[in-house]
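S.K.: What follows is data_22.csv, CSV, C-alpha atoms.
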```
chain,number,residue,atom,x,y,z
A,1,MET,CA,54.9,-10.3,8.9
A,2,ARG,CA,55.4,-6.5,9.0
A,3,CYS,CA,57.9,-4.7,6.9
A,4,SER,CA,60.6,-3.2,9.1
A,5,THR,CA,63.1,-0.6,7.9
A,6,GLY,CA,64.0,1.3,11.0
A,7,ARG,CA,63.4,-0.8,14.1
A,8,TRP,CA,64.5,-4.1,15.5
A,9,VAL,CA,62.0,-7.0,15.1
A,10,SER,CA,60.9,-9.9,17.3
A,11,GLY,CA,58.2,-12.5,17.5
A,12,GLY,CA,56.2,-12.9,14.4
A,13,ASP,CA,58.2,-10.3,12.5
A,14,PHE,CA,61.5,-12.2,13.1
A,15,PHE,CA,62.6,-14.0,10.0
A,16,GLY,CA,65.5,-16.0,8.5
A,17,ARG,CA,67.8,-16.5,11.5
A,18,GLU,CA,66.7,-19.7,13.1
A,19,ARG,CA,70.1,-21.5,12.8
A,20,GLU,CA,72.0,-18.5,14.2
A,21,LEU,CA,69.4,-18.1,17.0
A,22,SER,CA,69.7,-21.7,17.9
A,23,LEU,CA,73.5,-21.5,18.0
A,24,LEU,CA,73.4,-18.4,20.2
A,25,GLU,CA,70.9,-19.9,22.5
A,26,THR,CA,73.0,-22.9,23.0
A,27,ARG,CA,76.1,-20.8,23.7
A,28,ILE,CA,74.3,-18.6,26.3
A,29,GLN,CA,72.6,-21.5,28.1
A,30,ASP,CA,76.0,-23.2,28.3
A,31,GLY,CA,77.2,-20.2,30.3
A,32,ASN,CA,79.4,-18.6,27.6
A,33,HIS,CA,79.8,-14.9,27.0
A,34,VAL,CA,79.4,-14.0,23.3
A,35,LEU,CA,80.7,-11.3,21.0
A,36,LEU,CA,78.1,-10.9,18.2
A,37,THR,CA,79.8,-9.6,15.1
A,38,GLY,CA,78.7,-8.9,11.5
A,39,GLN,CA,78.5,-6.1,9.0
A,40,ARG,CA,76.0,-3.2,9.1
A,41,ARG,CA,72.3,-3.9,8.9
A,42,MET,CA,72.5,-7.6,9.5
A,43,GLY,CA,70.0,-7.6,12.3
A,44,LYS,CA,72.3,-8.0,15.3
A,45,THR,CA,70.0,-6.0,17.6
A,46,SER,CA,66.9,-8.0,16.3
A,47,ILE,CA,68.5,-11.3,17.0
A,48,ALA,CA,69.6,-10.1,20.5
A,49,GLN,CA,66.1,-9.0,21.3
A,50,GLU,CA,64.5,-12.2,19.9
A,51,LEU,CA,67.0,-14.3,21.8
A,52,GLY,CA,66.1,-12.4,25.0
A,53,ARG,CA,62.4,-12.9,24.4
A,54,ARG,CA,62.8,-16.6,23.9
A,55,LEU,CA,65.0,-17.0,27.0
A,56,GLU,CA,62.4,-15.1,29.1
A,57,GLU,CA,59.9,-17.7,28.0
A,58,GLN,CA,62.2,-20.3,29.6
A,59,GLY,CA,62.5,-18.5,32.9
A,60,TRP,CA,65.5,-16.2,32.3
A,61,VAL,CA,65.7,-12.5,33.0
A,62,PHE,CA,66.6,-10.4,30.0
A,63,ALA,CA,68.3,-7.0,30.3
A,64,PHE,CA,69.3,-4.8,27.3
A,65,ALA,CA,71.8,-2.0,27.9
A,66,ASP,CA,72.5,0.4,25.0
A,67,VAL,CA,75.8,2.2,25.8
A,68,GLU,CA,76.1,4.1,22.6
A,69,ALA,CA,75.7,7.5,24.3
A,70,ALA,CA,78.1,6.7,27.1
A,71,THR,CA,81.3,8.7,27.3
A,72,CYS,CA,83.0,7.2,30.3
A,73,ALA,CA,82.9,4.0,32.5
A,74,GLU,CA,80.5,5.6,35.0
A,75,ASP,CA,78.0,6.2,32.1
A,76,ALA,CA,78.3,2.6,30.9
A,77,VAL,CA,77.8,1.1,34.4
A,78,THR,CA,74.8,3.4,34.9
A,79,GLU,CA,73.2,2.1,31.7
A,80,ILE,CA,73.8,-1.5,32.7
A,81,ALA,CA,72.1,-0.7,36.0
A,82,ARG,CA,69.2,1.0,34.2
A,83,SER,CA,68.7,-2.1,32.1
A,84,ILE,CA,68.4,-4.3,35.2
A,85,HIS,CA,66.1,-1.7,36.9
A,86,PRO,CA,62.8,-3.4,35.9
A,87,ILE,CA,63.8,-6.6,37.7
A,88,ARG,CA,64.7,-5.1,41.0
A,89,SER,CA,61.3,-6.0,42.5
A,90,ARG,CA,62.0,-9.7,41.8
A,91,LEU,CA,65.4,-9.8,43.4
A,92,ALA,CA,65.6,-11.8,46.6
A,93,ARG,CA,66.1,-10.0,49.8
A,94,GLY,CA,69.5,-10.1,51.5
A,95,PRO,CA,72.0,-10.2,48.6
A,96,GLY,CA,69.7,-8.1,46.5
A,97,GLU,CA,69.4,-5.3,49.0
A,98,TYR,CA,72.4,-3.5,47.5
A,99,LEU,CA,70.9,-3.5,44.0
A,100,ARG,CA,67.5,-2.2,45.2
A,101,SER,CA,69.2,0.6,47.0
A,102,PHE,CA,71.5,1.4,44.1
A,103,LEU,CA,68.8,1.2,41.4
A,104,GLY,CA,66.4,3.3,43.6
A,105,SER,CA,68.8,6.2,43.2
A,106,ILE,CA,69.3,5.6,39.5
A,107,GLU,CA,66.1,7.6,38.9
A,108,GLU,CA,68.1,10.7,39.8
A,109,VAL,CA,70.7,10.2,37.1
A,110,GLY,CA,69.8,11.9,33.9
A,111,VAL,CA,71.4,11.5,30.5
A,112,ARG,CA,71.9,14.9,28.8
A,113,GLY,CA,73.6,15.2,25.4
A,114,SER,CA,77.1,13.7,25.5
A,115,GLY,CA,77.4,13.1,29.2
A,116,VAL,CA,75.6,12.1,32.4
A,117,ARG,CA,74.8,14.6,35.1
A,118,TYR,CA,75.3,12.9,38.4
A,119,ARG,CA,73.1,13.3,41.4
A,120,ALA,CA,73.8,9.9,42.8
A,121,LEU,CA,76.5,7.4,43.4
A,122,LEU,CA,78.9,6.9,40.5
A,123,ASN,CA,82.2,8.8,39.9
A,124,ALA,CA,85.6,8.1,38.5
A,125,GLY,CA,86.9,6.8,41.8
A,126,ASN,CA,84.1,4.3,42.7
A,127,TRP,CA,82.6,3.0,39.5
A,128,ARG,CA,84.5,-0.3,39.6
A,129,ARG,CA,83.3,-1.0,43.1
A,130,HIS,CA,79.7,-0.3,42.2
A,131,GLY,CA,80.0,-2.3,39.0
A,132,ASP,CA,81.4,-5.3,40.9
A,133,GLU,CA,78.5,-5.1,43.3
A,134,LEU,CA,76.1,-4.9,40.4
A,135,ILE,CA,77.5,-8.0,38.8
A,136,ARG,CA,77.8,-9.8,42.1
A,137,THR,CA,74.1,-9.1,43.0
A,138,CYS,CA,72.9,-10.3,39.6
A,139,ALA,CA,74.9,-13.5,40.1
A,140,ARG,CA,73.0,-14.2,43.3
A,141,HIS,CA,69.6,-13.7,41.6
A,142,GLU,CA,67.3,-16.8,41.8
A,143,ARG,CA,66.9,-16.8,38.0
A,144,PRO,CA,69.6,-16.7,35.3
A,145,ILE,CA,70.2,-13.3,33.7
A,146,PHE,CA,71.0,-12.7,30.1
A,147,LEU,CA,72.6,-9.2,29.6
A,148,VAL,CA,73.1,-7.6,26.2
A,149,VAL,CA,75.6,-4.7,26.1
A,150,ASP,CA,74.8,-3.1,22.7
A,151,GLU,CA,77.1,-0.6,20.9
A,152,LEU,CA,80.0,-1.3,23.2
A,153,PRO,CA,82.6,-0.5,20.5
A,154,ILE,CA,81.1,2.9,19.8
A,155,PHE,CA,81.3,3.7,23.5
A,156,LEU,CA,84.9,2.6,23.7
A,157,LYS,CA,85.8,4.6,20.6
A,158,ARG,CA,84.2,7.7,22.2
A,159,MET,CA,86.1,7.1,25.5
A,160,LEU,CA,89.3,6.7,23.5
A,161,GLY,CA,89.0,10.3,22.4
A,162,ARG,CA,89.2,11.5,26.0
A,163,GLN,CA,92.3,12.5,27.7
A,164,ASP,CA,94.1,9.4,28.8
A,165,GLY,CA,91.5,7.5,26.8
A,166,ALA,CA,93.5,4.4,26.0
A,167,ARG,CA,94.1,3.8,29.7
A,168,GLN,CA,90.4,4.2,30.4
A,169,VAL,CA,89.4,1.8,27.7
A,170,ASP,CA,91.9,-0.7,29.0
A,171,GLU,CA,90.6,-0.3,32.6
A,172,PHE,CA,87.0,-0.8,31.5
A,173,LEU,CA,87.6,-3.9,29.4
A,174,SER,CA,89.8,-5.3,32.1
A,175,TRP,CA,87.1,-4.7,34.7
A,176,LEU,CA,84.4,-6.3,32.7
A,177,ARG,CA,86.5,-9.4,32.0
A,178,GLN,CA,87.5,-9.7,35.7
A,179,ALA,CA,83.9,-9.1,36.9
A,180,LEU,CA,82.5,-11.8,34.7
A,181,GLN,CA,85.3,-14.4,35.0
A,182,SER,CA,85.5,-14.2,38.7
A,183,ARG,CA,82.0,-15.9,38.9
A,184,PRO,CA,82.2,-18.4,36.1
A,185,ASN,CA,79.2,-20.4,37.2
A,186,HIS,CA,76.9,-17.6,38.4
A,187,ALA,CA,77.7,-14.4,36.5
A,188,PRO,CA,75.1,-13.0,34.1
A,189,ALA,CA,75.5,-14.4,30.6
A,190,VAL,CA,76.7,-11.5,28.5
A,191,MET,CA,76.4,-10.8,24.8
A,192,VAL,CA,78.3,-7.8,23.4
A,193,SER,CA,77.4,-6.4,20.0
A,194,GLY,CA,77.8,-3.2,18.0
A,195,SER,CA,77.6,-1.6,14.6
A,196,ILE,CA,81.3,-1.2,14.4
A,197,GLY,CA,83.8,-4.0,15.1
A,198,LEU,CA,85.2,-4.6,18.6
A,199,MET,CA,88.0,-6.8,17.4
A,200,PRO,CA,89.6,-4.3,15.0
A,201,LEU,CA,89.5,-1.7,17.8
A,202,ALA,CA,91.0,-4.1,20.4
A,203,THR,CA,93.7,-5.2,17.9
A,204,ARG,CA,94.7,-1.6,17.1
A,205,LEU,CA,95.0,-0.9,20.8
A,206,GLY,CA,96.9,-4.2,21.6
A,207,MET,CA,94.1,-5.3,23.9
A,208,THR,CA,92.8,-8.5,22.3
A,209,ASP,CA,93.5,-10.4,25.4
A,210,ARG,CA,90.9,-8.2,27.2
A,211,ILE,CA,88.1,-9.7,25.1
A,212,SER,CA,89.4,-13.2,24.6
A,213,TYR,CA,86.8,-14.6,27.0
A,214,LEU,CA,84.1,-13.5,24.5
A,215,GLU,CA,83.2,-16.2,22.1
A,216,PRO,CA,82.8,-14.7,18.6
A,217,VAL,CA,79.7,-15.5,16.6
A,218,ARG,CA,79.5,-13.8,13.2
A,219,LEU,CA,76.1,-12.9,11.6
A,220,GLY,CA,76.4,-13.2,7.9
A,221,PRO,CA,74.0,-12.2,5.0
A,222,TRP,CA,71.0,-14.1,3.9
A,223,ASP,CA,71.5,-16.4,1.0
A,224,ARG,CA,69.5,-16.0,-2.2
A,225,LYS,CA,66.9,-18.5,-1.1
A,226,THR,CA,66.2,-16.8,2.2
A,227,SER,CA,66.1,-13.4,0.7
A,228,ILE,CA,63.6,-14.5,-1.9
A,229,ALA,CA,61.5,-16.2,0.8
A,230,CYS,CA,61.4,-13.0,2.8
A,231,VAL,CA,60.2,-10.9,-0.2
A,232,GLU,CA,57.5,-13.5,-1.0
A,233,ARG,CA,56.3,-13.6,2.6
A,234,LEU,CA,56.1,-9.8,2.8
A,235,ALA,CA,54.2,-9.6,-0.5
A,236,ALA,CA,51.7,-12.1,0.9
A,237,SER,CA,51.4,-10.2,4.1
A,238,TYR,CA,50.6,-7.0,2.3
A,239,ASN,CA,48.5,-8.6,-0.5
A,240,LEU,CA,50.9,-7.1,-3.0
A,241,ALA,CA,50.8,-8.9,-6.3
A,242,ILE,CA,54.2,-9.5,-7.8
A,243,ASP,CA,55.5,-11.4,-10.8
A,244,ASN,CA,57.4,-14.6,-10.0
A,245,ASP,CA,60.8,-13.1,-11.0
A,246,VAL,CA,60.5,-10.0,-8.7
A,247,PRO,CA,62.1,-11.5,-5.5
A,248,GLY,CA,65.1,-12.8,-7.5
A,249,ALA,CA,65.4,-9.5,-9.3
A,250,ILE,CA,65.5,-7.7,-5.9
A,251,PHE,CA,68.3,-10.0,-4.7
A,252,ASP,CA,70.3,-9.6,-7.9
A,253,ALA,CA,70.0,-5.8,-7.8
A,254,LEU,CA,71.3,-5.7,-4.2
A,255,GLY,CA,74.0,-8.2,-4.9
A,256,ILE,CA,73.9,-9.6,-1.3
A,257,GLY,CA,71.2,-10.5,1.2
A,258,ILE,CA,71.6,-7.8,3.8
A,259,PRO,CA,68.3,-8.2,5.7
A,260,HIS,CA,67.7,-4.4,6.2
A,261,HIS,CA,68.3,-3.8,2.5
A,262,VAL,CA,65.9,-6.5,1.5
A,263,GLN,CA,63.2,-5.1,3.7
A,264,SER,CA,63.9,-1.5,2.6
A,265,PHE,CA,63.7,-2.5,-1.1
A,266,PHE,CA,60.3,-4.2,-0.5
A,267,ALA,CA,59.0,-1.2,1.4
A,268,ARG,CA,59.9,1.2,-1.5
A,269,LEU,CA,58.5,-1.3,-4.0
A,270,LYS,CA,55.2,-1.4,-2.1
A,271,ASP,CA,55.1,2.4,-1.9
A,272,PHE,CA,55.8,2.6,-5.7
A,273,ALA,CA,52.9,0.3,-6.5
A,274,LEU,CA,50.6,2.4,-4.3
A,275,MET,CA,51.7,5.7,-5.8
A,276,GLN,CA,51.6,4.5,-9.3
A,277,ALA,CA,48.3,2.6,-8.8
A,278,ARG,CA,49.9,-0.6,-10.0
A,279,GLU,CA,47.9,-3.8,-9.6
A,280,ARG,CA,50.9,-5.9,-10.1
A,281,VAL,CA,54.7,-5.3,-9.7
A,282,THR,CA,57.1,-6.5,-12.4
A,283,ALA,CA,60.9,-7.0,-12.6
A,284,ARG,CA,61.1,-3.8,-14.6
A,285,ASP,CA,59.6,-2.0,-11.7
A,286,VAL,CA,62.3,-3.4,-9.5
A,287,GLY,CA,65.0,-1.7,-11.7
A,288,ASP,CA,63.1,1.6,-11.6
A,289,VAL,CA,62.7,1.6,-7.8
A,290,TYR,CA,66.4,0.7,-7.4
A,291,ARG,CA,67.5,3.7,-9.4
A,292,THR,CA,65.0,6.3,-8.2
A,293,ALA,CA,64.3,5.2,-4.6
A,294,LEU,CA,67.2,3.2,-3.1
A,295,LEU,CA,69.9,5.2,-4.8
A,296,GLY,CA,67.7,8.4,-4.9
A,297,PRO,CA,66.9,11.0,-2.2
A,298,SER,CA,64.6,8.7,-0.2
A,299,GLY,CA,67.3,6.1,0.2
A,300,GLN,CA,70.1,8.4,1.4
A,301,ASN,CA,69.4,8.0,5.1
A,302,ASP,CA,69.9,4.2,4.9
A,303,LEU,CA,73.2,4.6,3.0
A,304,ILE,CA,74.7,7.6,4.9
A,305,HIS,CA,74.5,5.4,8.0
A,306,TYR,CA,77.5,3.5,6.5
A,307,GLU,CA,79.7,6.5,6.3
A,308,THR,CA,78.7,7.7,9.7
A,309,ARG,CA,79.6,4.3,11.3
A,310,LEU,CA,82.8,4.3,9.3
A,311,ARG,CA,83.8,7.6,10.9
A,312,ASP,CA,82.9,6.2,14.3
A,313,ALA,CA,85.3,3.3,13.7
A,314,LEU,CA,88.4,5.2,12.5
A,315,ASP,CA,90.2,8.4,13.3
A,316,ASP,CA,90.4,11.2,10.8
A,317,GLU,CA,93.6,10.1,9.0
A,318,SER,CA,92.5,6.5,8.6
A,319,HIS,CA,89.0,7.5,7.6
A,320,SER,CA,90.4,9.6,4.8
A,321,LEU,CA,92.3,6.6,3.5
A,322,ALA,CA,89.2,4.4,3.8
A,323,MET,CA,87.2,6.9,1.7
A,324,GLU,CA,90.0,6.8,-1.0
A,325,ILE,CA,89.9,3.0,-1.0
A,326,LEU,CA,86.1,2.9,-1.3
A,327,ALA,CA,86.0,5.4,-4.1
A,328,GLU,CA,88.7,3.5,-6.0
A,329,ALA,CA,86.8,0.2,-5.5
A,330,ALA,CA,83.5,1.7,-6.5
A,331,LEU,CA,84.7,3.4,-9.7
A,332,HIS,CA,87.2,0.7,-10.8
A,333,ASP,CA,85.5,-2.4,-9.5
A,334,VAL,CA,88.6,-3.5,-7.5
A,335,PHE,CA,91.0,-1.8,-5.1
A,336,THR,CA,94.0,-3.5,-6.5
A,337,MET,CA,97.4,-4.2,-4.9
A,338,GLU,CA,98.9,-1.7,-7.3
A,339,ALA,CA,96.3,0.9,-6.2
A,340,ARG,CA,97.3,0.2,-2.6
A,341,HIS,CA,101.0,0.7,-3.4
A,342,THR,CA,100.1,4.0,-5.1
A,343,LEU,CA,98.0,5.2,-2.1
A,344,GLU,CA,101.0,4.5,0.2
A,345,GLN,CA,103.3,6.5,-2.1
A,346,LEU,CA,100.9,9.5,-2.2
A,347,TYR,CA,100.2,9.7,1.5
A,348,THR,CA,103.5,8.7,3.1
A,349,PRO,CA,104.9,12.2,2.7
A,350,LEU,CA,102.1,13.3,5.0
A,351,ARG,CA,102.3,10.4,7.5
A,352,ASP,CA,105.1,7.9,7.7
A,353,ASP,CA,102.7,5.4,9.2
A,354,THR,CA,100.5,5.4,6.1
A,355,PRO,CA,101.1,1.6,5.3
A,356,ALA,CA,99.9,0.7,8.8
A,357,ARG,CA,96.9,3.0,8.5
A,358,ILE,CA,95.9,1.5,5.1
A,359,ALA,CA,96.1,-1.9,6.6
A,360,GLU,CA,93.9,-0.8,9.5
A,361,ALA,CA,91.4,0.8,7.2
A,362,LEU,CA,91.2,-2.4,5.1
A,363,ASP,CA,90.8,-4.5,8.2
A,364,VAL,CA,87.8,-2.4,9.3
A,365,LEU,CA,86.3,-2.3,5.8
A,366,GLU,CA,86.5,-6.1,5.7
A,367,HIS,CA,85.3,-6.8,9.2
A,368,ASP,CA,82.3,-4.4,8.8
A,369,GLY,CA,81.3,-5.7,5.4
A,370,TYR,CA,82.1,-2.9,3.0
A,371,LEU,CA,84.7,-4.8,1.0
A,372,GLU,CA,85.7,-8.4,0.6
A,373,PRO,CA,89.2,-9.7,-0.2
A,374,LEU,CA,89.9,-11.4,-3.5
A,375,THR,CA,93.1,-12.4,-5.4
A,376,GLY,CA,94.9,-9.2,-6.1
A,377,GLY,CA,92.8,-6.8,-4.1
A,378,HIS,CA,89.4,-5.9,-2.6
A,379,ARG,CA,85.9,-5.3,-4.0
A,380,PHE,CA,82.5,-4.3,-2.7
A,381,GLN,CA,80.2,-7.1,-1.4
A,382,SER,CA,77.1,-5.1,-1.9
A,383,GLN,CA,76.1,-3.8,-5.3
A,384,LEU,CA,73.9,-1.2,-3.7
A,385,LEU,CA,76.8,0.2,-1.7
A,386,LYS,CA,79.1,0.1,-4.7
A,387,ASP,CA,76.6,2.0,-6.9
A,388,TRP,CA,76.0,4.5,-4.1
A,389,TRP,CA,79.7,5.2,-3.6
A,390,ALA,CA,80.3,5.4,-7.3
A,391,ALA,CA,77.5,7.9,-7.7
A,392,ARG,CA,78.9,10.1,-5.0
A,393,PHE,CA,82.5,10.2,-6.4
A,394,ARG,CA,82.1,9.7,-10.1
A,395,ASP,CA,82.2,13.4,-11.0
A,396,HIS,CA,84.9,14.5,-8.6
A,397,TYR,CA,87.4,11.7,-8.0
A,398,THR,CA,90.7,11.4,-9.7
A,399,PRO,CA,91.9,7.8,-9.9
A,400,LEU,CA,95.0,6.9,-8.0
A,401,SER,CA,96.8,5.9,-11.2
A,402,GLU,CA,96.3,9.4,-12.7
A,403,ARG,CA,97.4,11.2,-9.6
A,404,SER,CA,100.5,9.0,-9.5
A,405,ALA,CA,101.3,9.8,-13.2
A,406,ASN,CA,100.8,13.5,-12.6
A,407,ARG,CA,103.1,13.4,-9.5
A,408,LYS,CA,105.8,11.7,-11.5
A,409,SER,CA,105.5,14.1,-14.4
A,410,LYS,CA,105.9,17.1,-12.1
A,411,GLY,CA,108.8,15.4,-10.3
```
Spit out the file's structure as structure tokens when you get a sec.
M.R.:
Amino acid sequence: MRCSTGRWVSGGDFFGRERELSLLETRIQDGNHVLLTGQRRMGKTSIAQELGRRLEEQGWVFAFADVEAATCAEDAVTEIARSIHPIRSRLARGPGEYLRSFLGSIEEVGVRGSGVRYRALLNAGNWRRHGDELIRTCARHERPIFLVVDELPIFLKRMLGRQDGARQVDEFLSWLRQALQSRPNHAPAVMVSGSIGLMPLATRLGMTDRISYLEPVRLGPWDRKTSIACVERLAASYNLAIDNDVPGAIFDALGIGIPHHVQSFFARLKDFALMQARERVTARDVGDVYRTALLGPSGQNDLIHYETRLRDALDDESHSLAMEILAEAALHDVFTMEARHTLEQLYTPLRDDTPARIAEALDVLEHDGYLEPLTGGHRFQSQLLKDWWAARFRDHYTPLSERSANRKSKG
């Protein structure tokens, strides 16, 4: 088993998700369309790729379309077509002729920066028709097709920022639903996933009915037993001698079994042992690596990803409120109901919809795994994220209670 910190895994490197994989395989084989949800770094792309690999072994066709860079419906349809391009030679003649013709010209479509330069078929006036033909032709294929549309929420959020964006989002989601539901027994089985939540976005736009046909399956964290087993297997694979209490110390330091964080912790522990010429790793080493590597400069790329995706999920005003909430929860352990009320009072003079925006920010922070609700407020799920946010804001954050007191004294 190889240690993976920046790529999706499959085959012999796939670990710890057999129950979820079995559930998803059953849903797909029964003809359902799935919305795969879960917080950051849970391995959604890995489980999609592994599911596709296993279905291919059973005679399915697997297509993976990453639409993160798409900015409009034409881009997204083009990416779906690109994902199906490798199977065009296996399409039956007759019904498949359209797809062969269409995909033959896809070679002339190049993705450059934030947009797609067209030298072929798609434009704002005909993408629905071409998309319908694409789905229809796939439905006629002699083998069942499993299509993953990855990072759909990021694409929709980007499209939302365009002029008339809400209407375009509505049009795309309505098209995809109609295209798949019009062929209930023959359409490709679709799984939608992404590193920001689709449901919070659809809820904010009042479009939850557009995705109601997608059956949600949430990918949760590993439990302590699975996290420990992963560390033990990795240590055996790399012939790294570790004390018996090291795997448990790793889980305790992280506070939650996010697969990417478990793998990342092991990778840095392995590097530490090599650089320090250690013959055996101890639980004390775990604490040193946590402070100097995971929370230090080398761990910043992993953690900055969380802030980047949070900015993708929220507009500027709601993002500012989310950062306030995270700073308060990191430095005071809990974002309390009292703190929420104070935040509303402080920001309402700037925006009268502040209470709704705070509710939206909390919904996203819960859905995407930053915070979890508890009696009287919210707190971090991950000790690693809590410690990172606390380190960022400790020296330049004024608690909400102090700002409220200062405001009252000046008033």
S.K.: I'd like the contact shell of A:Gln276 - 12 Å cut-off, all atoms listed in the file, skipping same-chain residues fewer than 6 positions apart - returned as a list in words.
M.R.: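 Listed by chain and then number, they are Arg268, Leu269, Lys270, Asp285 and Val289 of chain A.
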S.K.: For a test of reading the model, state the distance in Å between atom CA of A:Ser401 and atom CA of A:Thr342, rounded to one decimal.
M.R.: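 Straight-line distance from atom CA of A:Ser401 to atom CA of A:Thr342 works out to 7.2 Å.
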S.K.: Using only C-alpha atoms for the distances, tell me which of A:Lys157, A:Arg19, A:Arg218, A:Arg40 is nearest to A:Leu201.
M.R.: A:Lys157
S.K.: What gap, in Å, lies between atom CA of A:Ala339 and atom CA of A:Gln381?
M.R.: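 Separating atom CA of A:Ala339 from atom CA of A:Gln381 is a distance of 18.6 Å.
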S.K.: For atom CA of A:Asp245 and atom CA of A:Ala283, quote the distance in Å rounded to one decimal.
M.R.: 6.3 Å
S.K.: Within 7 Å of stretch 178-195 of chain A, counting only C-alpha atoms, which residues qualify if same-chain residues fewer than 3 places away don't, as number ranges by chain?
M.R.: A: 28, 31-37, 40, 132, 135, 138-139, 144-153, 174-175
S.K.: Taking the partial coordinates given, rebuild stretch 135-141 of chain A to contain all heavy atoms; return it as an mmCIF file, in the frame of the given file.
M.R.:
```cif
data_model
loop_
_atom_site.group_PDB
_atom_site.id
_atom_site.type_symbol
_atom_site.label_atom_id
_atom_site.label_comp_id
_atom_site.auth_asym_id
_atom_site.auth_seq_id
_atom_site.Cartn_x
_atom_site.Cartn_y
_atom_site.Cartn_z
ATOM 1 N N ILE A 135 77.297 -6.705 39.330
ATOM 2 C CA ILE A 135 77.500 -8.000 38.800
ATOM 3 C C ILE A 135 77.294 -9.111 39.830
ATOM 4 O O ILE A 135 76.660 -10.146 39.610
ATOM 5 C CB ILE A 135 78.840 -8.169 38.077
ATOM 6 C CG1 ILE A 135 78.979 -7.158 36.923
ATOM 7 C CG2 ILE A 135 79.060 -9.588 37.576
ATOM 8 C CD1 ILE A 135 78.001 -7.369 35.802
ATOM 9 N N ARG A 136 77.836 -8.859 41.017
ATOM 10 C CA ARG A 136 77.800 -9.800 42.100
ATOM 11 C C ARG A 136 76.302 -10.070 42.520
ATOM 12 O O ARG A 136 75.879 -11.206 42.745
ATOM 13 C CB ARG A 136 78.578 -9.362 43.295
ATOM 14 C CG ARG A 136 78.665 -10.367 44.441
ATOM 15 C CD ARG A 136 79.521 -9.838 45.588
ATOM 16 N NE ARG A 136 80.873 -9.548 45.132
ATOM 17 C CZ ARG A 136 81.428 -8.330 45.125
ATOM 18 N NH1 ARG A 136 80.730 -7.289 45.557
ATOM 19 N NH2 ARG A 136 82.663 -8.163 44.710
ATOM 20 N N THR A 137 75.540 -9.002 42.628
ATOM 21 C CA THR A 137 74.100 -9.100 43.000
ATOM 22 C C THR A 137 73.335 -9.865 41.978
ATOM 23 O O THR A 137 72.491 -10.716 42.298
ATOM 24 C CB THR A 137 73.536 -7.744 43.302
ATOM 25 O OG1 THR A 137 74.322 -7.071 44.280
ATOM 26 C CG2 THR A 137 72.103 -7.868 43.778
ATOM 27 N N CYS A 138 73.587 -9.560 40.705
ATOM 28 C CA CYS A 138 72.900 -10.300 39.600
ATOM 29 C C CYS A 138 73.238 -11.759 39.659
ATOM 30 O O CYS A 138 72.383 -12.613 39.384
ATOM 31 C CB CYS A 138 73.283 -9.675 38.276
ATOM 32 S SG CYS A 138 72.604 -8.035 37.972
ATOM 33 N N ALA A 139 74.493 -12.080 39.998
ATOM 34 C CA ALA A 139 74.900 -13.500 40.100
ATOM 35 C C ALA A 139 74.159 -14.238 41.143
ATOM 36 O O ALA A 139 74.001 -15.462 41.055
ATOM 37 C CB ALA A 139 76.420 -13.552 40.310
ATOM 38 N N ARG A 140 73.695 -13.509 42.162
ATOM 39 C CA ARG A 140 73.000 -14.200 43.300
ATOM 40 C C ARG A 140 71.479 -14.244 43.023
ATOM 41 O O ARG A 140 70.731 -14.786 43.846
ATOM 42 C CB ARG A 140 73.220 -13.373 44.562
ATOM 43 C CG ARG A 140 74.661 -13.470 45.056
ATOM 44 C CD ARG A 140 74.891 -12.463 46.169
ATOM 45 N NE ARG A 140 76.235 -12.598 46.723
ATOM 46 C CZ ARG A 140 76.817 -11.683 47.501
ATOM 47 N NH1 ARG A 140 76.164 -10.570 47.799
ATOM 48 N NH2 ARG A 140 78.027 -11.880 47.965
ATOM 49 N N HIS A 141 71.032 -13.705 41.919
ATOM 50 C CA HIS A 141 69.600 -13.700 41.600
ATOM 51 C C HIS A 141 69.131 -15.163 41.451
ATOM 52 O O HIS A 141 69.863 -16.026 40.967
ATOM 53 C CB HIS A 141 69.330 -12.902 40.367
ATOM 54 C CG HIS A 141 67.882 -12.717 40.078
ATOM 55 N ND1 HIS A 141 66.938 -12.529 41.047
ATOM 56 C CD2 HIS A 141 67.207 -12.683 38.891
ATOM 57 C CE1 HIS A 141 65.749 -12.385 40.495
ATOM 58 N NE2 HIS A 141 65.884 -12.486 39.189
#
```
